[in-house]
Each structure stands twice: as C-alpha cells, then as structure tokens.
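The structure appears right after this line, and notes come after that.
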Amino acid sequence: AFPLPFRALFLIGLGILGWAANLHGLHVFGVDAVRVFDLGTDADDDINHALHHIGHSRRQLPDPKSVYQPIYRLAAFYCSWCFAAWVLYHLAVEGDPALVDVYKFIPSLCALSFIILVLAPQNVLARLHRDSFILGLKRCLFSPVDRPVFFSDIVFADVITSYAKVIGDVWLSLCMLLPGGSLLIPPRQEGLARWILPTVMSLPSAIRMRQCLIEWMQPTTDSSRPLFNALKYASAFPVIYLSAAQRLVVSDLVAEKGKQVTQEPWHGEHALFRLWLLFAAINSLYSFWWDITNDWGFDLLLPPADKRPVSPPRPLVLPSLHERSESLTGSPTRSSASIRTLSRTSSSYAWGLRSSLLFPLAVYPAAIFIDLVLRLTWVVKLSSHLHTHASEGSALVFLLEVAEIFRRWMWVFIRVEWEVIRSQPG
C-alpha cells in the first residue's frame, strides 16, 4: 500500500516543508536567518552567474516573506504531486500483490519528474532556492580544502546526516524499481554488494567530517574543536559497517544453534554484536553531548572547570530584516544590514543553559529530552541489520525516520540561535 519509494519521496517532502518552517519560525522570533546563513564574498561568482540567468540583481531588496514562502509553495506542489502519484498507484494496484510490480513505474515517473523540475532552468517554483540547493550541495561535495566552510553549508551537511537512512532507502528503491527488482522484496545483498548500502549511508557523515577537517586545517583555526567534531562523525562509520557485518554473526549462530536465531534481534553472546553495541552507544552519547555543549552552547554537561563565565544578561543584537541586498541564497552583504535589539535573556544559567535565550524557557529542557531520546534511536536508523527484523517496510522504521527529521528541524532553531549569540561582539 505504501512501498519504500513512496516513503522516501514523502520524507524528502517533509524535509522541504521543515526547512520552510525553520526560516519562517526564525523570522517570527526576530532572527534574520537569511543573514545568519550569509555565504560571504567567496561565493559571489557562483551567485552572480546564477542571478544573471534568472534576471535578479543583488541590489534588489526582497520582502522577508519572499525567503520562505516560495519554499512553502514548492513543498505544497511536491507533496501534491507525490500524493496524486500515490493515489494513482493505489487505485491501479487495488490491494493485489500481483499488480504491485506491474505498476511500479508510477513512483519511478513521480521521482524522475521532480528531479527534472529541480534541474529545470525556467524561473518557476522557487528557482532561486533550487539553484541555492544545487550550489550548496556542490560546495559540500567538492569545495577546495583551502576555502573556509560557510555556516550555511555546515547546517546543510548536518541536515543531510539526518537523511542517511533515507539516502539508503533511495538506493534500495532504485534497485527495486530497476528491471528484475520488486517492491515486495528488498534487494538481495550478498558478497561485495552487502557493503554498498552501508557505504551509501555513510556518505553524509563523510561529507560533514571532511568539513570539520577543512575547518581544522584553516590557518586561522587555533582550536582542536573541529578535530573532535570530526571524530564525532567518524564514530558513525563503525556503527554502520559493523551493522552490515551482523550477517556474519547470524551465520555463525545459525551454524551453532539452528535457523531459529534468524528471528532474534539480540545476539549478545557474539563478540561482533557486542562490538557493534559498544560503538552504537559511543556514537549516540557523544553526539548528544556535542549537541548540548557545542551546537547549542549549554553548560549542562560541561565539567565545573570548563563552565563558561557568568556575564550579566544583555539584549541580543539581531540583524535587521530590512535594508539588505539579495544574493542567490537571499544572503545580504554584511555592510548593508542594520541591527535591532531583542531583550530576551535570563538572569542566570537556568537549568544549566546560558544567560541569553531567545525562545521561551520551557522550550529548552523539552528539546534536550527529545534530542537525547532520538539520539539513542539513531543507531536503529544507521543499523541496516535491524531493518530485516522489523521488515524494511515496517511502520516502526518509517516513524523513526520521521522522528529524526523532526529532531533535526528542532535542532536547527537552537543551532542558529547559538550562532547569533556566539557571533555577537563583546
């Protein structure tokens, strides 16, 4: 009824909608996210080239709503298109498993048509943002090591890491949709082919780790923080590949105990399983600690000796939502932006947070708790061997993917808030 290709398409649409909601929400709270994501002058050549082809000028002063409203429209079109394709597929199949693979061309055409739209040169359906997405992806994959990493690309790459399982779903969907594949049965992964899926799922972590290493190698970097951040992303590789190696665990235990062990998700008696469990715990807990301490700037998990000095609360100086010039990403030049203040600070480090808080106080403990719970489920999404026990199409795995996208959507708000506070002078 809802095969893997449609689930992957749905999760991609959820990400587009979430990004529009991020920009909208930050605007509501007075944060000019467009300016925070400024790409700097190093991207001017790419930006001006694209702007030239769609008739935009850097001197134009867009309405702030023009930043996120086109993304909402794009998400609405995308979701409507995918929903129409799913309804057509559902009506054609009529619940008959024998017809599932007969009509598998419907999700294929749905996905192909949207890829064509993303690459279309016509100035329709958020052309500015589609080009921004392509340029951001290009920089994440191929940026020179001697160029600084833009904050927008850091957030973009972090979002991609939350789509590691979805990217794996796209690969499996491609195998299912090709001739000889079936939407009813996950593709066989034997021999060297068993390592293709974990390699595909590890690409987002590799991209983000590369960015951290580039930051670390910059001449202006005098901290080892980017290196420890790179180790965080590197800790995902053992989880992914040891999960793929669990097939060897099952083979060993089948030879010892019989075929009934294939129905059991827990094999604690095997050393390789315990090693996977160890790295899964390290990755989850390290990632949670990094989110709280470095990405969000809270003191909650810092040792007493490393607590940030308490300073009197002061108003946040936020970039204005007016008097800015437009680039391909909507980013203004820094010299053209005025500033305004927003007095939303706390008088003390409530609950181990920080002195400057933009959002309501109750948001933060809820966000910390949600982040902890969903970080601990991260290993399920990175562990392909667990999907065979829940079946690749199970509601549990799908809901965990939705939950991870929600966690990242929540993470973006506080990550941008901390970047604004951290970059304040004085």
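Naming works like this for the structure tokens: A, B, ... for the chains as they're shown, residue 1 at the start of each chain, ligands 1 onward in shown order.
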
Contact residues around Phe279 of chain A with only C-alpha atoms at 9 Å, ignoring same-chain residues under 3 positions, as JSON, numbers by chain: {"A": [235, 236, 238, 239, 242, 274, 275, 276, 282, 283, 284]}

List as a Markdown table every residue of segment 172-244 of chain A that is in contact with segment 96-114 of chain A, defined as an atom at most 7 Å from one of its atoms (using only C-alpha atoms), together with the nearest atom pair and the distance in Å rounded to one decimal, sorted by chain and then rising number.
```
| residue | atom | partner | partner_atom | distance |
| --- | --- | --- | --- | --- |
| A:Leu177 | CA | A:Lys104 | CA | 6.5 |
| A:Ser182 | CA | A:Asp101 | CA | 6.0 |
| A:Leu183 | CA | A:Asp101 | CA | 6.2 |
```

Please dump the current selection as a PDB file, in the first residue's frame; keep C-alpha atoms.
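This is the output file result32.pdb:
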```
ATOM      1  CA  LEU A 177      12.426  -0.105  -9.484  1.00  0.00           C
ATOM      2  CA  SER A 182      10.481  -5.976  -6.829  1.00  0.00           C
ATOM      3  CA  LEU A 183       8.695  -3.583  -4.488  1.00  0.00           C
TER       4      LEU A 183
END
```

Contacts of segment 363-377 of chain A within 7 Å, only C-alpha atoms, excl. fewer than 5 positions in-chain, as an MDAnalysis selection string: chainID A and resid 284 288 404 407

Expected file: the selected residues, all heavy atoms, as a JSON list (two decimals), in the first residue's frame:
```json
[["chain", "number", "residue", "atom", "x", "y", "z"],
["A", 284, "SER", "N", 26.01, 7.54, 19.92],
["A", 284, "SER", "CA", 24.80, 8.22, 20.39],
["A", 284, "SER", "C", 25.09, 9.20, 21.51],
["A", 284, "SER", "O", 24.64, 10.36, 21.48],
["A", 284, "SER", "CB", 23.77, 7.18, 20.85],
["A", 284, "SER", "OG", 23.32, 6.40, 19.77],
["A", 288, "PHE", "N", 25.01, 13.31, 21.40],
["A", 288, "PHE", "CA", 24.12, 14.06, 22.29],
["A", 288, "PHE", "C", 24.91, 15.10, 23.08],
["A", 288, "PHE", "O", 24.48, 16.26, 23.20],
["A", 288, "PHE", "CB", 23.40, 13.10, 23.23],
["A", 288, "PHE", "CG", 22.64, 13.79, 24.32],
["A", 288, "PHE", "CD1", 21.48, 14.50, 24.03],
["A", 288, "PHE", "CD2", 23.09, 13.75, 25.64],
["A", 288, "PHE", "CE1", 20.77, 15.15, 25.04],
["A", 288, "PHE", "CE2", 22.38, 14.40, 26.65],
["A", 288, "PHE", "CZ", 21.22, 15.10, 26.35],
["A", 404, "GLU", "N", 13.55, 11.44, 13.35],
["A", 404, "GLU", "CA", 14.88, 12.03, 13.17],
["A", 404, "GLU", "C", 14.80, 13.34, 12.39],
["A", 404, "GLU", "O", 15.51, 14.30, 12.70],
["A", 404, "GLU", "CB", 15.79, 11.05, 12.45],
["A", 404, "GLU", "CG", 17.13, 11.60, 12.02],
["A", 404, "GLU", "CD", 17.97, 12.15, 13.18],
["A", 404, "GLU", "OE1", 17.74, 11.77, 14.35],
["A", 404, "GLU", "OE2", 18.87, 12.96, 12.91],
["A", 407, "ARG", "N", 13.68, 15.85, 14.84],
["A", 407, "ARG", "CA", 14.76, 16.23, 15.75],
["A", 407, "ARG", "C", 15.69, 17.24, 15.08],
["A", 407, "ARG", "O", 16.10, 18.23, 15.70],
["A", 407, "ARG", "CB", 15.57, 14.99, 16.15],
["A", 407, "ARG", "CG", 16.62, 15.28, 17.22],
["A", 407, "ARG", "CD", 17.65, 14.17, 17.32],
["A", 407, "ARG", "NE", 18.48, 14.12, 16.13],
["A", 407, "ARG", "CZ", 19.54, 14.92, 15.91],
["A", 407, "ARG", "NH1", 19.87, 15.84, 16.81],
["A", 407, "ARG", "NH2", 20.24, 14.81, 14.81]]
```

Contacts of Leu172 of chain A at 12 Å (only C-alpha atoms; same-chain gap of 3+ positions) as a PyMOL selection string: chain A and resi 3-5+7-8+165-169+175-178+181-189+193-194+196-198+200-201+384+392-393

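Nearest-residue note for Ala20 of chain A: choosing from A:Leu272, A:Ala395, A:Val412, A:Leu137, the minimum distance belongs to A:Val412, counting only C-alpha atoms.
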
Residue neighbourhood Ser224 of chain A, 12 Å, only C-alpha atoms, exclusion window fewer than 6 positions, as a ChimeraX atom specification: /A:212-213,215-218,230-231

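For Ile154 of chain A, the residues within 10 Å (counting only C-alpha atoms, excluding itself and residues fewer than 6 positions away along the chain) are Phe37, Gly136, Cys140, Ile160, Ile207, Arg208, Gln211 and Cys212 of chain A.
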
How would the residues just picked look written out with N, CA and C atoms as a PDB file, in the first residue's frame?
```pdb
ATOM      1  N   PHE A  37      22.838  32.925   7.528  1.00  0.00           N
ATOM      2  CA  PHE A  37      23.363  31.959   6.569  1.00  0.00           C
ATOM      3  C   PHE A  37      24.146  32.624   5.440  1.00  0.00           C
ATOM      4  N   GLY A 136      24.769  24.669  -2.906  1.00  0.00           N
ATOM      5  CA  GLY A 136      25.165  24.197  -1.576  1.00  0.00           C
ATOM      6  C   GLY A 136      25.639  22.757  -1.607  1.00  0.00           C
ATOM      7  N   CYS A 140      29.381  21.357  -0.638  1.00  0.00           N
ATOM      8  CA  CYS A 140      29.583  20.310   0.364  1.00  0.00           C
ATOM      9  C   CYS A 140      30.405  19.154  -0.185  1.00  0.00           C
ATOM     10  N   ILE A 160      21.773  16.741   6.078  1.00  0.00           N
ATOM     11  CA  ILE A 160      21.964  15.557   5.237  1.00  0.00           C
ATOM     12  C   ILE A 160      22.288  14.332   6.087  1.00  0.00           C
ATOM     13  N   ILE A 207      30.896  13.523   4.409  1.00  0.00           N
ATOM     14  CA  ILE A 207      30.851  14.920   3.957  1.00  0.00           C
ATOM     15  C   ILE A 207      31.050  15.868   5.142  1.00  0.00           C
ATOM     16  N   ARG A 208      30.328  15.610   6.213  1.00  0.00           N
ATOM     17  CA  ARG A 208      30.431  16.503   7.380  1.00  0.00           C
ATOM     18  C   ARG A 208      31.797  16.378   8.048  1.00  0.00           C
ATOM     19  N   GLN A 211      34.226  18.516   6.160  1.00  0.00           N
ATOM     20  CA  GLN A 211      34.096  19.930   6.501  1.00  0.00           C
ATOM     21  C   GLN A 211      34.827  20.252   7.803  1.00  0.00           C
ATOM     22  N   CYS A 212      34.696  19.380   8.779  1.00  0.00           N
ATOM     23  CA  CYS A 212      35.367  19.614  10.062  1.00  0.00           C
ATOM     24  C   CYS A 212      36.881  19.627   9.898  1.00  0.00           C
TER      25      CYS A 212
END
```

Selection near Ser205 of chain A, 8 Å with only C-alpha atoms, sequence-local residues under 4 positions removed, as a list in words: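 What passes the distance filter is Thr161, Met209, Tyr233, Ala234, Ala236 and Phe237 of chain A.
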
Using only C-alpha atoms: which of A:Val87, A:Leu301, A:Ala245, A:Val416 has the shortest distance to Leu23 of chain A: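 The closest residue to Leu23 of chain A is A:Val416.
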
Point-to-point distance from atom CA of Arg147 of chain A to atom CA of Ile214 of chain A, Å rounded to tenths: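 Answer for the atom CA of Arg147 of chain A to atom CA of Ile214 of chain A separation: 7.9 Å.
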
Alpha helix (DSSP H) call set, DSSP backbone run, segment 73-183 of chain A, as a ChimeraX atom specification: /A:73-93,97-100,105-119,127-142,151-161,164-177

Point-to-point distance in Å for atom CA of Leu135 of chain A and atom CA of Pro204 of chain A: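 Separation between atom CA of Pro204 of chain A and atom CA of Leu135 of chain A: 16.5 Å.
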
Nearest candidate to Glu401 of chain A (options A:Ser223, A:Ser423, A:Ser162, A:Ser356; using only C-alpha atoms):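 Closest to Glu401 of chain A of all the choices is A:Ser162.
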